[in-house]
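J.: Please see the structure below; I have some questions.
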Amino acid sequence: MTLQNIAWIVLFAPLAAAGLIALGTRKDARLSAQISIGASVLSFLISLALFFAFERFELSFSWLDVGELKVDLGFKFDALSGLMLLVVTGVGSAIHVYSYAYMDGDRSFSRFFASMSLFMFSMLGIVVSNNLVQMFVFWELVGVSSYLLIGFWFERASAADACKKAFLANRIGDFGFLLGILMVWGLLGTVEFEVLESHLKARPEALGAAATMVGLLLFCGAVGKSAQFPLHVWLPDAMEGPTPVSALIHAATMVAAGVFMLCRVFFILDVPESQALQVIAWIGGGTALLAALIAVQQDDIKRILAYSTLSQLGMMVMGVGLGGPGAAMYHLVTHAFFKALLFLGAGAVIHSMHHEQDIWKMGRLGHHLPVTFKTFLIGTLALCGVPPFSGFYSKDAILAQAFEHNTLLFLLAISTAWLTTFYMCRLVVVVFFGKARSEAAERAHESPGMMTGPLIVLAVPSVIAGLAGIPGHLAAQFGAAGEGHPVGSGLAALFEPFSHSPGPAFFGIMAFMLGVTAAYSFYWGVEEDPLPAKLGWLSRAMKARFYFDEIYEQLVRITQEAMATAAAWIDRWIIAGLMVRGAHGTTELAGRALRLAQTGNLQTYAFFLVLGVACMLFYTLVIR
């Protein structure tokens, strides 16, 4: 058996684990967790072997053949999917190991790991898909998996509402995605990525006037999965799931799927007639700034990181829209490491605080949680884009794209970078410095080794991934153009941003310095947030997430609920009342009236006969 054939194990090992746990080992919690972890690690090891052994290959067999629609079940391995496989399986394995300790004692321990394995299978299916239909099937499986994991503690009303909200918001985006797939098939006659790319290279005008519409409909899928405006509202509420779920969703799986999909179908978006990329760039940039503003006034440690994810996803989407899918994927990869590190670090803090998540009830945790503090600080520096941490290089790639193509979007991106530093430094100062603000903070202690171990492992790529030559690897997929700065690895890449694009690099560092200065001046040594008193209504609006949930609730009330109320009234009074009961009542009344005439009396019948003849004569002789 060749290594290429073994590649299928990467995809199906997590599915086998989910099935085995659900059907066989559900009552043995430890064994269930070990099976799930083992499947994830096995997928990672094979992905690692494939990454270093092959540059490109594709496996497939016939799956669906209906009329002119022919769809294969494929395993597509190239520079893009190979890198993404390492991210999903590597970060996913670390989160699985962390979960073993974090979820210890939960009464649904086995169900958790079965759902995690199903989630891994679904995401890996998106990554290796070689056609749009297969991708959409796994796309929906990711939606189902997220529903199960976000609502894992379904007995809590907030968790049950959050998983429904995520599911419904994604259905809106997925409907547009499906329409886009149908349009691609209808216009080009195929859904295979290789064939589509070859066809559009030969005939860029093949989509004609529908090019923009096709691109925007496909983008709808990313708007849902990657939580872009206006469907961004579901992602912060996804924090109702266990913290490892938040890390998995926010770092390497669900939200990354939208950006990955845009990069996979970039050749469809980047055709001469299409204006889709401009729309994508502005929606991504707007989402990045909006989420960063909201994060400034959140007090829940996980929600701050959730809005941070929203903001960084917006940056990635903006990178795609500016013609830099390589830059977007570069930031996706580095972000997966340091955002998983931050979420797992937040989980360690919450674990030590007996599930308290309000940062203003913490304080001085850096003294009690030294490993968590140091690794969390590494993740924060990477997120804020401090050289030589990985986030600096990947963020600079996107800033360079904006600097070159759109000045307004560059200013928006720099503002987002400043806000990112401000709210993350606020988080670090309030949580890890100062004095303890609660009894739980005073008694906090470091998490067990199975929780701190993955933090240390993830801290390493958070530092060095920016120097690992990722742009050079992606250049094989997208070409050297639009990568933000020249390719390189190791020490050769250390100063590349300063030599190739000094302007964006300089502004990025200035944004960090200004953000640190502002956060220190506002939050060092304070007992409560001083911004509400200074910003007034703006602070309240940011804390209330700019009232998007309330606005959507009102929109639903005046549209969907109004239509439902009208439909219920029509059903009750017109259909059931007038038509059904009315017909029944009329027939019954007519029957009762006719029954009165059936007396059995011969004189009565003779009278009616004479009356009828008289009426006929009157009608014939007088009226007619």
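Here, A, B, ... name the chains of the structure tokens in the order displayed, residue numbers run from 1 inside each chain, and ligands are numbered from 1 in the same displayed order.
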Give me the residues within 9 Å of segment 387-389 of chain A as a PyMOL selection string, counting only C-alpha atoms and dropping any in the same chain fewer than 3 places off.
T.: chain A and resi 378-379+381-383+392-393+461-467+494+509
J.: Pick the closest to Tyr552 of chain A from A:Ala169, A:Val265, A:Ala511, A:Val137: which is it, counting only C-alpha atoms?
T.: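 Between A:Ala169, A:Val265, A:Ala511, A:Val137, the residue approaching Tyr552 of chain A most closely is A:Ala169.
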J.: Just checking: using only C-alpha atoms, which residue out of A:Leu531, A:Val71, A:Ala346, A:Leu412 ends up closest to Val428 of chain A?
T.: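 For Val428 of chain A, the nearest of the given residues is A:Ala346.
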J.: For segment 143-179 of chain A versus segment 219-228 of chain A, which residues have an atom no more than 7 Å away, and what is each residue's nearest atom pair and distance in Å rounded to one decimal, using only C-alpha atoms, chain-then-number order, as JSON lines?
T.:
{"residue": "A:Ala169", "atom": "CA", "partner": "A:Gly224", "partner_atom": "CA", "distance": 6.4}
{"residue": "A:Asn170", "atom": "CA", "partner": "A:Gly224", "partner_atom": "CA", "distance": 4.6}
{"residue": "A:Gly173", "atom": "CA", "partner": "A:Gly224", "partner_atom": "CA", "distance": 4.6}
{"residue": "A:Asp174", "atom": "CA", "partner": "A:Gly221", "partner_atom": "CA", "distance": 4.9}
{"residue": "A:Gly176", "atom": "CA", "partner": "A:Cys220", "partner_atom": "CA", "distance": 5.3}
{"residue": "A:Phe177", "atom": "CA", "partner": "A:Gly221", "partner_atom": "CA", "distance": 4.7}
J.: Could you take the residues named above and write them with all heavy atoms, as a compact mmCIF listing (two decimals), in the first residue's frame?
T.:
# COMPACT_ATOMS: atom_id res chain seq x y z
N ALA A 169 -27.85 31.04 11.39
CA ALA A 169 -27.05 32.05 10.69
C ALA A 169 -26.25 31.42 9.56
O ALA A 169 -26.14 31.98 8.46
CB ALA A 169 -26.12 32.75 11.67
N ASN A 170 -25.73 30.23 9.81
CA ASN A 170 -24.96 29.55 8.77
C ASN A 170 -25.84 29.04 7.64
O ASN A 170 -25.39 28.95 6.50
CB ASN A 170 -24.15 28.40 9.38
CG ASN A 170 -22.83 28.86 9.94
OD1 ASN A 170 -21.84 28.96 9.24
ND2 ASN A 170 -22.81 29.18 11.23
N GLY A 173 -26.10 31.84 5.04
CA GLY A 173 -24.93 31.92 4.17
C GLY A 173 -24.81 30.72 3.26
O GLY A 173 -24.45 30.85 2.07
N ASP A 174 -25.14 29.53 3.78
CA ASP A 174 -24.99 28.31 2.98
C ASP A 174 -25.99 28.26 1.83
O ASP A 174 -25.71 27.63 0.80
CB ASP A 174 -25.16 27.09 3.88
CG ASP A 174 -24.04 26.97 4.90
OD1 ASP A 174 -23.08 27.76 4.80
OD2 ASP A 174 -24.12 26.10 5.78
N GLY A 176 -26.88 30.82 0.00
CA GLY A 176 -26.21 31.56 -1.08
C GLY A 176 -25.08 30.76 -1.68
O GLY A 176 -24.88 30.75 -2.91
N PHE A 177 -24.31 30.06 -0.85
CA PHE A 177 -23.20 29.22 -1.32
C PHE A 177 -23.72 28.16 -2.28
O PHE A 177 -23.15 27.92 -3.35
CB PHE A 177 -22.52 28.59 -0.11
CG PHE A 177 -21.26 27.82 -0.44
CD1 PHE A 177 -20.48 28.14 -1.54
CD2 PHE A 177 -20.85 26.79 0.39
CE1 PHE A 177 -19.31 27.43 -1.81
CE2 PHE A 177 -19.70 26.08 0.12
CZ PHE A 177 -18.92 26.40 -0.99
J.: Would you work out the distance separating atom CA of Ile21 of chain A from atom CA of Ile46 of chain A, expressed in Å to one decimal?
T.: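 It comes out at 21.9 Å.
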J.: Using only C-alpha atoms, find each residue in segment 31-86 of chain A having at least one atom no more than 12 Å away from segment 14-20 of chain A; report its shortest atom-to-atom pair and that distance in Å (one decimal), rows by chain then rising number, as JSON lines.
T.:
{"residue": "A:Leu31", "atom": "CA", "partner": "A:Leu20", "partner_atom": "CA", "distance": 10.5}
{"residue": "A:Ser32", "atom": "CA", "partner": "A:Leu20", "partner_atom": "CA", "distance": 8.2}
{"residue": "A:Ala33", "atom": "CA", "partner": "A:Ala17", "partner_atom": "CA", "distance": 9.5}
{"residue": "A:Gln34", "atom": "CA", "partner": "A:Ala17", "partner_atom": "CA", "distance": 9.6}
{"residue": "A:Ile35", "atom": "CA", "partner": "A:Ala17", "partner_atom": "CA", "distance": 6.0}
{"residue": "A:Ser36", "atom": "CA", "partner": "A:Ala17", "partner_atom": "CA", "distance": 5.5}
{"residue": "A:Ile37", "atom": "CA", "partner": "A:Ala17", "partner_atom": "CA", "distance": 8.9}
{"residue": "A:Gly38", "atom": "CA", "partner": "A:Ala17", "partner_atom": "CA", "distance": 8.6}
{"residue": "A:Ala39", "atom": "CA", "partner": "A:Pro14", "partner_atom": "CA", "distance": 5.3}
{"residue": "A:Ser40", "atom": "CA", "partner": "A:Pro14", "partner_atom": "CA", "distance": 6.3}
{"residue": "A:Val41", "atom": "CA", "partner": "A:Pro14", "partner_atom": "CA", "distance": 9.7}
{"residue": "A:Leu42", "atom": "CA", "partner": "A:Pro14", "partner_atom": "CA", "distance": 9.1}
{"residue": "A:Ser43", "atom": "CA", "partner": "A:Pro14", "partner_atom": "CA", "distance": 7.8}
{"residue": "A:Phe44", "atom": "CA", "partner": "A:Pro14", "partner_atom": "CA", "distance": 10.9}
J.: Please save N, CA, C and O atoms of the selected residues as a PDB file, in the first residue's frame.
T.:
ATOM      1  N   LEU A  31     -11.405   5.394  27.634  1.00  0.00           N
ATOM      2  CA  LEU A  31     -11.111   4.738  26.368  1.00  0.00           C
ATOM      3  C   LEU A  31     -11.637   5.558  25.198  1.00  0.00           C
ATOM      4  O   LEU A  31     -10.972   5.672  24.154  1.00  0.00           O
ATOM      5  N   SER A  32     -12.809   6.148  25.348  1.00  0.00           N
ATOM      6  CA  SER A  32     -13.376   6.994  24.289  1.00  0.00           C
ATOM      7  C   SER A  32     -12.458   8.162  23.972  1.00  0.00           C
ATOM      8  O   SER A  32     -12.184   8.476  22.806  1.00  0.00           O
ATOM      9  N   ALA A  33     -11.959   8.827  25.031  1.00  0.00           N
ATOM     10  CA  ALA A  33     -11.054   9.952  24.827  1.00  0.00           C
ATOM     11  C   ALA A  33      -9.765   9.499  24.154  1.00  0.00           C
ATOM     12  O   ALA A  33      -9.252  10.177  23.255  1.00  0.00           O
ATOM     13  N   GLN A  34      -9.244   8.363  24.563  1.00  0.00           N
ATOM     14  CA  GLN A  34      -7.992   7.870  23.985  1.00  0.00           C
ATOM     15  C   GLN A  34      -8.170   7.520  22.505  1.00  0.00           C
ATOM     16  O   GLN A  34      -7.267   7.762  21.690  1.00  0.00           O
ATOM     17  N   ILE A  35      -9.307   6.959  22.151  1.00  0.00           N
ATOM     18  CA  ILE A  35      -9.577   6.641  20.743  1.00  0.00           C
ATOM     19  C   ILE A  35      -9.629   7.928  19.914  1.00  0.00           C
ATOM     20  O   ILE A  35      -9.045   8.023  18.834  1.00  0.00           O
ATOM     21  N   SER A  36     -10.328   8.942  20.435  1.00  0.00           N
ATOM     22  CA  SER A  36     -10.455  10.211  19.715  1.00  0.00           C
ATOM     23  C   SER A  36      -9.097  10.886  19.557  1.00  0.00           C
ATOM     24  O   SER A  36      -8.740  11.359  18.472  1.00  0.00           O
ATOM     25  N   ILE A  37      -8.321  10.927  20.636  1.00  0.00           N
ATOM     26  CA  ILE A  37      -6.995  11.541  20.583  1.00  0.00           C
ATOM     27  C   ILE A  37      -6.095  10.761  19.624  1.00  0.00           C
ATOM     28  O   ILE A  37      -5.356  11.344  18.816  1.00  0.00           O
ATOM     29  N   GLY A  38      -6.152   9.436  19.711  1.00  0.00           N
ATOM     30  CA  GLY A  38      -5.324   8.603  18.843  1.00  0.00           C
ATOM     31  C   GLY A  38      -5.632   8.824  17.376  1.00  0.00           C
ATOM     32  O   GLY A  38      -4.718   8.898  16.534  1.00  0.00           O
ATOM     33  N   ALA A  39      -6.923   8.935  17.031  1.00  0.00           N
ATOM     34  CA  ALA A  39      -7.299   9.171  15.634  1.00  0.00           C
ATOM     35  C   ALA A  39      -6.797  10.514  15.144  1.00  0.00           C
ATOM     36  O   ALA A  39      -6.301  10.642  14.015  1.00  0.00           O
ATOM     37  N   SER A  40      -6.899  11.544  15.997  1.00  0.00           N
ATOM     38  CA  SER A  40      -6.432  12.871  15.610  1.00  0.00           C
ATOM     39  C   SER A  40      -4.915  12.891  15.413  1.00  0.00           C
ATOM     40  O   SER A  40      -4.408  13.457  14.431  1.00  0.00           O
ATOM     41  N   VAL A  41      -4.182  12.262  16.325  1.00  0.00           N
ATOM     42  CA  VAL A  41      -2.720  12.217  16.214  1.00  0.00           C
ATOM     43  C   VAL A  41      -2.304  11.408  14.989  1.00  0.00           C
ATOM     44  O   VAL A  41      -1.355  11.774  14.277  1.00  0.00           O
ATOM     45  N   LEU A  42      -3.005  10.303  14.717  1.00  0.00           N
ATOM     46  CA  LEU A  42      -2.703   9.501  13.531  1.00  0.00           C
ATOM     47  C   LEU A  42      -2.891  10.321  12.261  1.00  0.00           C
ATOM     48  O   LEU A  42      -2.047  10.280  11.343  1.00  0.00           O
ATOM     49  N   SER A  43      -3.974  11.070  12.176  1.00  0.00           N
ATOM     50  CA  SER A  43      -4.202  11.934  11.018  1.00  0.00           C
ATOM     51  C   SER A  43      -3.096  12.969  10.881  1.00  0.00           C
ATOM     52  O   SER A  43      -2.639  13.261   9.762  1.00  0.00           O
ATOM     53  N   PHE A  44      -2.640  13.507  12.008  1.00  0.00           N
ATOM     54  CA  PHE A  44      -1.561  14.489  11.965  1.00  0.00           C
ATOM     55  C   PHE A  44      -0.260  13.875  11.461  1.00  0.00           C
ATOM     56  O   PHE A  44       0.434  14.462  10.619  1.00  0.00           O
TER      57      PHE A  44
END
J.: Determine, counting only C-alpha atoms, which protein, DNA and RNA residues have an atom within 12 Å of an atom of Phe506 of chain A; residues of the same chain fewer than 6 positions away are not included. Present the result as an MDAnalysis selection string.
T.: chainID A and resid 385:387 392 396 399:400 403 414 495 497:500 512:513
